[in-house]
Each structure stands twice: as structure tokens, then as C-alpha cells.
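One file, protein_1.txt, is given below (compact mmCIF, C-alpha atoms).
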# COMPACT_ATOMS: atom_id res chain seq x y z
CA MET A 1 165.75 261.58 44.37
CA THR A 2 169.30 262.89 44.33
CA ALA A 3 169.54 261.93 40.66
CA TYR A 4 166.29 263.71 39.90
CA VAL A 5 167.39 266.87 41.67
CA ALA A 6 170.57 266.70 39.58
CA GLY A 7 168.41 266.78 36.45
CA ASP A 8 167.84 263.13 35.58
CA GLN A 9 164.23 263.15 34.34
CA CYS A 10 164.05 259.36 34.18
CA ALA A 11 164.68 259.26 37.92
CA PHE A 12 161.30 260.88 38.52
CA ARG A 13 159.57 258.13 36.57
CA GLU A 14 161.49 255.62 38.67
CA LEU A 15 160.35 257.34 41.87
CA PHE A 16 156.78 257.27 40.63
CA ALA A 17 157.02 253.58 39.81
CA ARG A 18 158.51 252.84 43.22
CA TYR A 19 156.21 254.86 45.45
CA ALA A 20 152.93 255.54 43.64
CA SER A 21 151.26 252.28 44.67
CA VAL A 22 152.15 252.50 48.33
CA LEU A 23 151.02 256.13 48.38
CA ALA A 24 147.76 255.20 46.70
CA ARG A 25 147.23 252.57 49.37
CA VAL A 26 147.88 255.05 52.14
CA VAL A 27 145.60 257.64 50.54
CA ARG A 28 142.97 254.98 49.93
CA ALA A 29 143.16 254.05 53.59
CA GLN A 30 142.27 257.65 54.40
CA GLY A 31 138.95 257.06 52.68
CA ALA A 32 139.65 258.41 49.21
CA SER A 33 137.79 256.99 46.24
CA ASP A 34 139.70 255.60 43.25
CA GLU A 35 139.43 258.91 41.43
CA GLU A 36 140.46 260.90 44.49
CA SER A 37 143.36 258.53 45.19
CA ARG A 38 144.63 258.94 41.65
CA ASP A 39 144.41 262.71 41.93
CA LEU A 40 145.97 262.86 45.38
CA VAL A 41 148.91 260.67 44.36
CA GLN A 42 149.52 262.86 41.33
CA GLN A 43 149.30 265.96 43.50
CA THR A 44 151.78 264.38 45.90
CA PHE A 45 154.31 263.90 43.13
CA LEU A 46 153.59 267.36 41.78
CA GLN A 47 154.36 268.80 45.20
CA LEU A 48 157.50 266.66 45.40
CA HIS A 49 158.57 268.09 42.07
CA ARG A 50 157.99 271.64 43.29
CA ALA A 51 159.93 270.98 46.49
CA ARG A 52 162.77 269.05 44.83
CA ARG A 53 165.32 271.82 45.40
CA ASP A 54 164.66 271.67 49.14
CA TYR A 55 165.80 268.05 49.18
CA ARG A 56 169.18 267.31 50.67
CA ALA A 57 171.09 264.27 49.50
CA GLY A 58 170.86 261.38 51.90
CA GLU A 59 167.63 262.52 53.50
CA PRO A 60 165.00 259.76 53.62
CA LEU A 61 162.38 260.39 50.95
CA ARG A 62 159.48 258.34 52.28
CA PRO A 63 158.67 260.69 55.17
CA TRP A 64 158.48 263.52 52.63
CA LEU A 65 156.07 261.64 50.43
CA PHE A 66 153.85 260.45 53.26
CA THR A 67 153.74 263.89 54.86
CA ILE A 68 152.78 265.50 51.54
CA ALA A 69 150.11 262.87 50.94
CA TYR A 70 148.65 263.23 54.44
CA ASN A 71 148.64 267.02 54.20
CA LEU A 72 146.93 266.89 50.83
CA CYS A 73 144.32 264.47 52.21
CA ARG A 74 143.75 266.77 55.16
CA ASP A 75 143.32 269.76 52.88
CA ARG A 76 141.01 267.82 50.59
CA TRP A 77 138.71 266.60 53.34
CA ARG A 78 138.56 270.03 54.90
CA VAL A 79 137.73 271.69 51.61
CA LEU A 80 135.03 269.10 51.05
CA GLY A 81 133.84 269.58 54.60
CA ARG A 82 134.00 266.00 55.63
CA ARG A 83 136.14 263.58 57.52
CA ARG A 84 136.66 260.20 56.00
CA GLU A 85 136.42 257.39 58.49
CA VAL A 86 136.99 254.38 56.28
CA PRO A 87 140.52 253.35 57.09
CA MET A 88 141.02 250.01 55.42
CA GLU A 89 139.99 247.72 52.61
CA GLN A 90 136.73 248.49 50.89
CA ALA A 91 136.95 246.45 47.76
CA PRO A 92 136.04 242.79 47.50
CA PRO A 93 138.82 240.29 48.13
CA PRO A 94 141.25 239.56 45.29
CA ILE A 95 140.57 236.80 42.81
CA ASP A 96 143.01 233.99 43.36
CA PHE A 97 143.05 230.23 43.65
CA ALA A 98 142.11 230.16 47.30
CA THR A 99 139.01 228.30 48.37
CA PRO A 100 135.75 230.13 49.15
CA ALA A 101 136.37 229.37 52.80
CA ASP A 102 139.70 231.17 52.60
CA HIS A 103 137.99 234.13 50.97
CA LEU A 104 135.46 234.32 53.76
CA GLN A 105 138.19 234.12 56.35
CA GLU A 106 140.18 236.90 54.66
CA ARG A 107 137.14 239.10 54.30
CA ARG A 108 136.24 238.52 57.92
CA ARG A 109 139.74 239.47 59.04
CA ALA A 110 139.64 242.64 56.97
CA GLU A 111 136.26 243.57 58.45
CA ILE A 112 137.47 242.95 61.98
CA LEU A 113 140.61 244.96 61.38
CA ARG A 114 138.67 247.82 59.84
CA ALA A 115 136.43 247.97 62.90
CA ALA A 116 139.41 247.83 65.25
CA LEU A 117 141.29 250.56 63.36
CA ALA A 118 138.21 252.75 63.50
CA THR A 119 138.48 252.78 67.29
CA LEU A 120 141.92 254.40 67.13
CA SER A 121 142.45 258.13 67.08
CA GLU A 122 143.45 259.64 63.74
CA ASP A 123 147.04 260.13 64.97
CA GLN A 124 147.30 256.54 66.14
CA ARG A 125 145.81 255.20 62.92
CA ARG A 126 148.32 257.14 60.85
CA VAL A 127 151.19 255.63 62.79
CA VAL A 128 149.84 252.11 62.24
CA GLU A 129 149.20 252.77 58.56
CA MET A 130 152.73 254.01 58.06
CA HIS A 131 154.60 251.68 60.40
CA TRP A 132 152.83 248.42 59.69
CA PHE A 133 151.05 248.69 56.35
CA ALA A 134 153.61 250.87 54.53
CA GLY A 135 156.67 249.50 56.35
CA VAL A 136 158.01 252.92 57.31
CA SER A 137 160.46 252.93 60.22
CA LEU A 138 159.50 254.78 63.38
CA PRO A 139 162.19 257.48 62.93
CA GLU A 140 160.72 258.14 59.47
CA VAL A 141 157.20 258.14 60.90
CA ALA A 142 158.33 260.71 63.45
CA THR A 143 159.81 262.91 60.73
CA ALA A 144 156.70 262.60 58.57
CA LEU A 145 154.35 263.52 61.39
CA GLY A 146 156.56 266.27 62.78
CA ILE A 147 156.86 264.66 66.20
CA SER A 148 159.77 263.36 68.23
CA LEU A 149 160.90 259.76 67.94
CA SER A 150 159.83 259.05 71.50
CA ALA A 151 156.37 260.51 70.78
CA ALA A 152 156.11 258.28 67.69
CA LYS A 153 157.10 255.25 69.77
CA VAL A 154 154.53 256.05 72.43
CA ARG A 155 151.84 256.65 69.81
CA ALA A 156 152.64 253.37 68.05
CA HIS A 157 152.76 251.47 71.32
CA ARG A 158 149.35 252.78 72.37
CA ALA A 159 147.87 252.14 68.95
CA TYR A 160 149.05 248.51 68.85
CA GLU A 161 148.07 247.98 72.45
CA ARG A 162 144.58 249.22 71.72
CA LEU A 163 144.36 247.13 68.56
CA ARG A 164 145.43 244.06 70.50
CA GLN A 165 142.85 244.75 73.17
CA ASN A 166 140.08 245.37 70.64
CA LEU A 167 140.86 242.41 68.45
CA ASP A 168 139.88 239.09 69.86
CA LEU A 169 142.97 237.27 68.67
CA ARG A 170 142.14 233.92 70.19
CA GLY A 171 141.52 231.48 67.39
CA GLU A 172 142.15 234.09 64.69
CA VAL A 173 145.70 233.17 63.89
CA MET B 1 168.17 245.48 64.37
CA ASP B 2 165.28 247.54 63.05
CA CYS B 3 161.50 247.13 63.11
CA ALA B 4 161.41 245.36 59.73
CA GLN B 5 163.91 242.72 60.89
CA MET B 6 162.01 242.29 64.13
CA ARG B 7 158.83 241.79 62.14
CA GLN B 8 160.50 238.96 60.23
CA ILE B 9 161.54 237.32 63.48
CA VAL B 10 158.07 237.63 65.01
CA LEU B 11 156.28 236.37 61.89
CA GLY B 12 158.83 233.69 61.13
CA GLY B 13 158.86 232.31 64.64
CA GLY B 14 162.48 233.39 65.16
CA ASP B 15 164.35 233.63 68.41
CA LEU B 16 162.85 236.51 70.37
CA ALA B 17 165.18 235.76 73.26
CA SER B 18 168.34 236.57 71.29
CA PRO B 19 170.33 239.54 72.63
CA GLU B 20 169.71 241.62 69.45
CA ALA B 21 165.97 240.98 69.56
CA GLN B 22 165.81 241.73 73.26
CA ARG B 23 167.71 244.96 72.79
CA HIS B 24 165.31 246.09 70.06
CA LEU B 25 162.27 245.11 72.11
CA GLU B 26 163.58 247.17 75.00
CA GLU B 27 164.02 250.19 72.78
CA CYS B 28 160.88 249.86 70.68
CA PRO B 29 157.56 249.68 72.53
CA ALA B 30 155.72 249.25 69.22
CA CYS B 31 157.52 246.02 68.37
CA ARG B 32 157.18 244.92 71.99
CA GLU B 33 153.42 245.24 71.64
CA LEU B 34 153.45 243.39 68.33
CA ALA B 35 155.43 240.54 69.87
CA VAL B 36 153.11 240.00 72.85
CA ASP B 37 151.46 236.56 73.08
CA GLY B 38 153.86 235.04 70.57
CA GLY B 39 153.23 237.80 68.05
CA ALA B 40 149.48 237.23 67.80
CA LEU B 41 148.75 240.79 66.69
CA ALA B 42 151.57 240.82 64.12
CA ARG B 43 150.39 237.54 62.67
CA PHE B 44 146.80 238.73 62.55
CA LEU B 45 147.83 241.92 60.73
CA ALA B 46 150.06 239.97 58.33
CA ALA B 47 147.20 237.60 57.55
CA VAL B 48 144.90 240.40 56.39
CA PRO B 49 145.06 240.40 52.59
CA PRO B 50 147.09 243.25 51.12
CA SER B 51 144.99 246.02 49.68
CA ARG B 52 146.65 246.06 46.28
CA GLU B 53 143.31 245.34 44.65
CA THR B 54 142.04 248.70 45.91
CA VAL B 55 144.90 250.66 44.38
CA PRO B 56 143.69 252.55 41.32
CA THR B 57 145.57 252.46 38.06
CA LEU B 58 148.20 255.18 38.18
CA SER B 59 149.65 256.65 35.07
CA PHE B 60 152.89 258.57 34.92
CA GLU B 61 151.71 260.09 31.64
CA ASP B 62 148.79 261.76 33.48
CA LEU B 63 151.28 263.21 35.93
CA GLU B 64 153.48 264.44 33.10
CA ARG B 65 150.48 266.21 31.58
CA GLN B 66 149.86 267.96 34.91
CA MET B 67 153.49 268.96 35.07
CA VAL B 68 153.49 270.79 31.75
CA GLY B 69 152.76 274.10 33.50
CA GLU B 70 155.69 273.61 35.83
CA SER B 71 158.24 274.63 33.23
CA GLY B 72 156.87 278.18 32.94
CA PHE B 73 157.91 281.23 34.95
CA ARG B 74 155.43 280.57 37.75
CA GLY B 75 156.52 276.94 37.92
CA ARG B 76 160.17 277.88 38.18
CA LEU B 77 159.37 280.49 40.81
CA ARG B 78 157.62 278.10 43.17
CA SER B 79 160.24 275.42 42.60
CA LEU B 80 162.93 277.66 44.04
CA PRO B 81 164.56 276.41 47.24
CA SER B 82 162.70 277.51 50.35
CA THR B 83 165.62 279.64 51.52
CA THR B 84 165.52 281.58 48.25
CA ARG B 85 161.74 281.90 48.44
CA TRP B 86 162.03 283.37 51.93
CA ALA B 87 164.79 285.74 50.83
CA LEU B 88 162.49 287.04 48.08
CA VAL B 89 159.62 287.41 50.54
CA TRP B 90 161.79 289.38 52.96
CA ALA B 91 162.96 291.61 50.12
CA SER B 92 159.37 292.28 49.03
CA LEU B 93 158.25 292.97 52.62
CA LEU B 94 161.03 295.49 53.01
CA VAL B 95 159.86 297.52 50.00
CA PRO B 96 156.93 299.24 51.82
CA VAL B 97 159.14 299.71 54.87
CA ALA B 98 161.87 301.33 52.79
CA ILE B 99 159.41 303.67 51.05
CA GLY B 100 157.79 304.53 54.38
CA LEU B 101 161.19 305.31 55.87
CA ALA B 102 162.20 307.36 52.84
CA LYS B 103 159.01 309.42 53.13
CA LEU B 104 158.83 309.36 56.90
CA ARG B 105 155.79 310.92 58.59
CA PRO B 106 156.47 314.50 59.65
CA ASP B 107 155.17 313.94 63.20
CA ILE B 108 157.66 311.15 63.91
CA ALA B 109 159.30 313.24 66.65
CA ILE B 110 156.07 313.61 68.66
CA TYR B 111 154.27 310.35 67.82
CA PRO B 112 154.54 307.96 70.78
CA PRO B 113 157.35 305.57 69.83
CA ALA B 114 155.87 302.69 71.84
CA ARG B 115 152.60 302.97 69.98
CA LEU B 116 154.35 303.18 66.62
CA GLY B 117 156.49 300.19 67.54
CA PHE B 118 153.46 298.19 68.62
CA GLU B 119 151.55 298.95 65.42
CA ILE B 120 154.48 298.08 63.18
CA CYS B 121 155.24 294.89 65.11
CA ALA B 122 151.57 293.85 65.03
CA PHE B 123 151.14 294.40 61.29
CA GLY B 124 154.61 293.15 60.41
CA GLY B 125 154.34 290.09 62.65
CA LEU B 126 150.97 289.12 61.20
CA ALA B 127 152.28 289.66 57.66
CA LEU B 128 155.21 287.33 58.41
CA ALA B 129 152.90 284.76 59.99
CA SER B 130 150.69 284.85 56.89
CA CYS B 131 153.74 284.26 54.69
CA TRP B 132 154.90 281.44 56.93
CA PHE B 133 151.60 279.59 56.54
CA TRP B 134 151.53 280.25 52.81
CA LEU B 135 155.10 279.11 52.16
CA ARG B 136 155.26 276.19 54.60
CA PRO B 137 156.32 273.21 52.46
CA LEU B 138 153.87 270.33 52.39
CA TYR B 139 156.62 267.84 53.24
CA ARG B 140 156.64 269.35 56.71
CA ALA B 141 153.92 268.70 59.26
CA GLN B 142 151.36 271.50 59.07
CA PRO B 143 150.27 273.46 62.12
CA ASN B 144 146.84 273.08 63.55
CA ASN B 145 144.07 274.62 61.50
CA SER B 146 142.89 276.68 64.45
CA VAL B 147 146.25 278.48 64.53
CA LEU B 148 145.80 279.45 60.89
CA LEU B 149 142.28 280.68 61.56
CA ALA B 150 143.55 282.70 64.52
CA VAL B 151 146.20 284.37 62.34
CA LEU B 152 143.63 285.08 59.63
CA ALA B 153 141.20 286.57 62.13
CA ALA B 154 143.92 288.64 63.78
CA GLY B 155 145.20 289.87 60.41
CA LEU B 156 141.75 290.90 59.26
CA LEU B 157 140.69 292.49 62.55
CA ALA B 158 143.90 294.08 63.87
CA PRO B 159 143.82 297.11 61.52
CA TRP B 160 140.23 297.91 62.59
CA VAL B 161 140.92 297.44 66.29
CA ILE B 162 144.09 299.52 66.17
CA ALA B 163 142.24 302.23 64.20
CA MET B 164 139.35 302.32 66.67
CA PHE B 165 141.64 302.67 69.65
CA SER B 166 143.84 305.29 68.07
CA SER B 167 143.83 308.11 70.62
CA VAL B 168 146.40 310.44 69.10
CA ASP B 169 144.75 313.54 67.70
CA PRO B 170 145.96 314.80 64.35
CA GLU B 171 147.60 318.14 64.46
CA GLY B 172 144.87 320.44 63.21
CA GLY B 173 143.21 320.21 59.81
CA ASN B 174 140.48 317.82 58.78
CA ALA B 175 140.54 314.63 60.88
CA LEU B 176 139.17 312.62 57.98
CA GLY B 177 141.97 313.82 55.73
CA ARG B 178 142.20 312.11 52.36
CA PRO B 179 141.52 308.46 53.06
CA ALA B 180 141.28 307.55 49.38
CA ILE B 181 144.88 308.65 48.84
CA CYS B 182 146.05 306.52 51.75
CA PHE B 183 143.99 303.58 50.54
CA ALA B 184 145.55 303.83 47.08
CA LEU B 185 149.04 304.29 48.49
CA GLY B 186 148.72 301.38 50.92
CA SER B 187 147.37 299.16 48.14
CA ALA B 188 150.28 300.15 45.92
CA PHE B 189 152.68 299.22 48.73
CA ALA B 190 150.91 295.89 49.01
CA LEU B 191 150.92 294.88 45.36
CA PRO B 192 154.59 293.83 45.00
CA VAL B 193 154.32 291.79 48.18
CA ILE B 194 151.16 290.07 46.95
CA ALA B 195 152.76 289.32 43.59
CA VAL B 196 155.92 287.86 45.11
CA VAL B 197 154.30 285.93 47.97
CA GLY B 198 151.43 284.69 45.79
CA GLY B 199 153.79 283.55 43.05
CA LEU B 200 155.99 281.59 45.44
CA GLY B 201 153.18 279.47 46.90
CA ARG B 202 153.27 275.79 46.04
CA ARG B 203 149.96 274.57 47.37
CA VAL B 204 147.03 274.03 45.08
CA ARG B 205 144.43 274.63 47.72
CA GLY B 206 144.09 274.76 51.45
CA VAL B 207 141.52 275.14 54.14
CA LEU B 208 138.98 277.94 54.22
CA GLY B 209 140.74 281.28 54.11
CA PHE B 210 144.10 279.83 53.10
CA ALA B 211 143.90 281.39 49.65
CA ILE B 212 143.80 284.96 50.98
CA LEU B 213 147.10 284.69 52.86
CA PRO B 214 149.26 286.40 50.17
CA ALA B 215 146.82 289.30 49.92
CA LEU B 216 146.60 289.57 53.69
CA ALA B 217 150.39 289.57 53.98
CA GLY B 218 150.61 292.25 51.30
CA ALA B 219 147.89 294.38 52.88
CA LEU B 220 149.53 294.21 56.30
CA ALA B 221 152.91 295.09 54.81
CA GLY B 222 151.22 298.02 53.07
CA LEU B 223 149.84 299.14 56.42
CA VAL B 224 153.36 299.08 57.88
CA GLY B 225 154.43 301.39 55.07
CA LEU B 226 151.46 303.67 55.76
CA GLU B 227 152.18 303.72 59.49
CA LEU B 228 155.65 305.02 58.71
CA HIS B 229 154.43 307.52 56.14
CA CYS B 230 150.97 308.86 57.06
CA PRO B 231 150.82 311.39 59.91
CA ASN B 232 147.04 311.30 60.22
CA SER B 233 146.19 309.04 63.15
CA ALA B 234 142.58 310.07 63.62
CA PRO B 235 140.35 307.00 64.03
CA ILE B 236 138.00 308.18 61.27
CA HIS B 237 140.91 308.44 58.84
CA LEU B 238 142.36 305.07 59.81
CA LEU B 239 138.95 303.40 59.61
CA THR B 240 138.22 304.74 56.15
CA GLY B 241 141.65 304.91 54.53
CA HIS B 242 143.93 302.34 56.19
CA ALA B 243 141.98 299.45 57.69
CA PRO B 244 139.89 298.71 54.56
CA ILE B 245 143.10 297.73 52.73
CA ALA B 246 143.25 294.57 54.86
CA LEU B 247 139.70 293.72 53.86
CA VAL B 248 139.40 294.79 50.24
CA LEU B 249 142.65 293.27 48.94
CA PRO B 250 142.06 289.82 50.48
CA LEU B 251 138.49 289.87 49.18
CA LEU B 252 139.61 290.79 45.67
CA TRP B 253 142.34 288.15 45.80
CA GLN B 254 139.83 285.53 46.89
CA LEU B 255 137.52 286.45 44.02
CA LEU B 256 140.43 286.25 41.56
CA SER B 257 141.43 282.85 42.97
CA ILE B 258 137.91 281.50 42.58
CA ARG B 259 137.74 282.85 39.04
CA SER B 260 141.11 281.38 38.04
CA ARG B 261 140.14 277.98 39.49
CA ALA B 262 136.87 278.08 37.56

Rewrite the structure from the file as C-alpha cells, please.
Amino acid sequence: MTAYVAGDQCAFRELFARYASVLARVVRAQGASDEESRDLVQQTFLQLHRARRDYRAGEPLRPWLFTIAYNLCRDRWRVLGRRREVPMEQAPPPIDFATPADHLQERRRAEILRAALATLSEDQRRVVEMHWFAGVSLPEVATALGISLSAAKVRAHRAYERLRQNLDLRGEV
Amino acid sequence: MDCAQMRQIVLGGGDLASPEAQRHLEECPACRELAVDGGALARFLAAVPPSRETVPTLSFEDLERQMVGESGFRGRLRSLPSTTRWALVWASLLVPVAIGLAKLRPDIAIYPPARLGFEICAFGGLALASCWFWLRPLYRAQPNNSVLLAVLAAGLLAPWVIAMFSSVDPEGGNALGRPAICFALGSAFALPVIAVVGGLGRRVRGVLGFAILPALAGALAGLVGLELHCPNSAPIHLLTGHAPIALVLPLLWQLLSIRSRA
């Protein structure tokens, strides 16, 4: 990002290559369709471009990107007058060399997880999406959500605790 | 040790009793929860297939096409650093104030200073709040939508409420005065503010009412200028010449926004 702010245009392409997929996944988890995801990711990078001169060298970039993406999702759903409640995988399982039994198991896990995530509050779900699925550290999660680190820790703790309680993990792993 | 390293230990069956792991678990309740029952939750989550198959094809060329407009004047304006954007906003907000002070109302010596102060603070504060919402970068957490709606409602209603409760009688002459002149003058005060604030906004769209924020800020700044300039404080004059500015300009701006989007 520092290189891009300094005027290196190729750096923006590199940023896109590095973060577009993970952003699309996060946006998709908010319930966006393929078309919406594509648009929202592009809008996220457009907003990053517009805000590039606010960036200070050394600042973590991921909280910026996630916050922009979440805010754009929020705006989009409000404009459309709806709240998406589909937090996880929607598409069929990937084609690979696993056995049909493995496919069924994977699909079942995804279904169970989707149901469990749906029981979380929106705030808690966001923390799980960022912390677990996108691999964002809790300090970065806190920055992205505009909350203190201790609030992020508490939110994550409660979210995982609730997930653990709602998932019947015996015999699943 | 960070959460990612702890995740590797939990998933890989590493030593959770090591001093480093214990220290992290003490500090991080999230990882503590993930490590309960031998990391059952972490292993369940890790076993769910990644959702890469649901990620749509993303093209940098599409993004580049969208960014063509960013090299123009408007694009350069909204890409300015936030400190510069706010400096420009402050400068534009001070224009109506400066004109109002230069052409100060003749009854300034007898007009209740507390009332004048309240009116200017109310209009000025709401104008600043409107700018704050409009300019708030998207990489920052956004305030609750109800706060925005409250500011919008207050900005639209305050001029009418203040006009209705205006109890100071004008000194002789026609109480109605020339409201059209004040309306035109207030709108003229507002225009530079609307142009500057509107041009500096980075967001494509927002929640209901978000689009009118620049016009509302401009209208309220125009009312500050009028408060400093116009000596007629009769309710009928304020209701017909001043307050409509905060309704007509946002409405026109909204219509223009809809038209430009179409």
C-alpha cells in the first residue's frame, strides 16, 4: 500500500490480487450474490483508491479493507431494504477426488455450521468471519469494527462459546 | 505468540501446556474457547471446506474501467487527504459567516445575544454534523444509522421550530418583509458550501437521506449567514424566507442526485 501511495500503479494490481478473493469471500458470507460480490469488491478497492492519501505507512491494511467492505455491504442492504441472513457457503461442494461419502460429510458440516452461525448476532458473526475465516488478528478486528481490543476479545469469546454450545461436536471431528 | 500460531498448535495437536501457549490462552479468550475439549471447535471449523468455489471471478480490468473517472477533477478532489478535505469544508462554511459578519444585522445591539448564540450554534452544529457524516471515511466504523436519521431530522426541522418560536418583534415595518430576498440570499450563501462538501464526498451511496447531507449542510450554513445578516425575526418572515432554504435545497439536491444516477 505504501508503494501504491507513492505512485506505483502496479502495487494496486498486486493489492487486488492479494486481497480480492478474501474480500469476495467475506462479502459472499454477508449474503451477496456473485454479481453483488463482484461489484462490492470493486467498490471496496475504489474506496481504497479514494482514501489512499489517508493511509499512513506501517498501518495494517486488512482492517481498512474489511471495514470498507462491511460498510458497503451495510449500505447496500439498507438501500435494498433487506438484511441478508445467509452467512456461509451456498454453492455445492467443490469437485475433487474425494469420495461421495466425503462430499456428504463436507456438505453436512457446512450446513451445520451455517445453522450455528445464524444463531449468532451480526456483531459476533462478523468477528468469527474475520478472525477465523479470514485469519485477521483480533487487534485488526478491533480496528476494523471500531471497538476496543478487549471488546473484540469478549465478542469473539462469546461467539465461539455460543458456536461450541450450538454445535454438537461429539463425533464430528 | 499470536492467534494464527495458536491455531496451528491446536489443529496440529501441539503442546498447549507450553508456557508460550498458556500465556496466549490467558490473554486471548477467543483462542481459549477454540482450544476447549482438545480444540474440537477449531478442528470442526477447519474441516469445513473452504468457500473458494463461491468466490466469483474478479477482474482487475473491470476495476480499472471503473477507475477511469477518478483521474478527473472530481476524482482528485475526493482523493485528497481527509485533513485537507476538512480544511476545505471549514473554509467553505466560514464564507457565509464572513459575509454575515461583514453585513451585520443593524439590530445586533438589541437582539438577545443568548438567542443569537443558540441559533447560530444550532444551525452551525447541525451543518458540521452533516459534513461529518458525509465525509466520514468508509475505512472507519460508521455510526449507527439512527444517529444519522436524528441529525437529518434535526437539520430539516430546526429552522422551522426556531422560526415558530421566534418571539422577538421586528422593529416596525412589515413583519413579512421580503422573504424572497432572504431565500435567494440564504441559497446563495449555501451554494459554495454545497459545491465543496458535495464534491469532497467519497461514498457512492448511503442509507435513506444520506445523499442530501451536503445540501443540508449548505442550507444550514446559509441560515447562519442569514441569522447574522437579516434583522427581521418575525416568525412569518422566518417561516417563509429562511426555513424553506433547509427544505428546498436538500430536495433539489436529492432530485439532482437521482437524475445523475439514472

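Atom pair atom CA of Ile68 of chain A / atom CA of Leu145 of chain A: separated by 10.2 Å.
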
| task | Would you kindly report the residues of chain A within 7 Å of chain B, using all atoms listed in the file, as a PyMOL selection string? | result | chain A and resi 13+21+24-25+34+38+42+46+50-51+53-54+64-65+67-68+71+75+78-79+89+91+94+106+109-110+137+144-146+153+156-157+160-161+164+169+172-173

| said: Residues within 10 Å of Ala152 of chain A, please, as a ChimeraX atom specification. Count all atoms listed in the file; anything in the same chain fewer than 6 positions from it doesn't count. | reply: /A:123-124,127,131,138-143,145-146,158 /B:29-30

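The space between atom CA of Ala17 of chain A and atom CA of Ala3 of chain A spans 15.1 Å.
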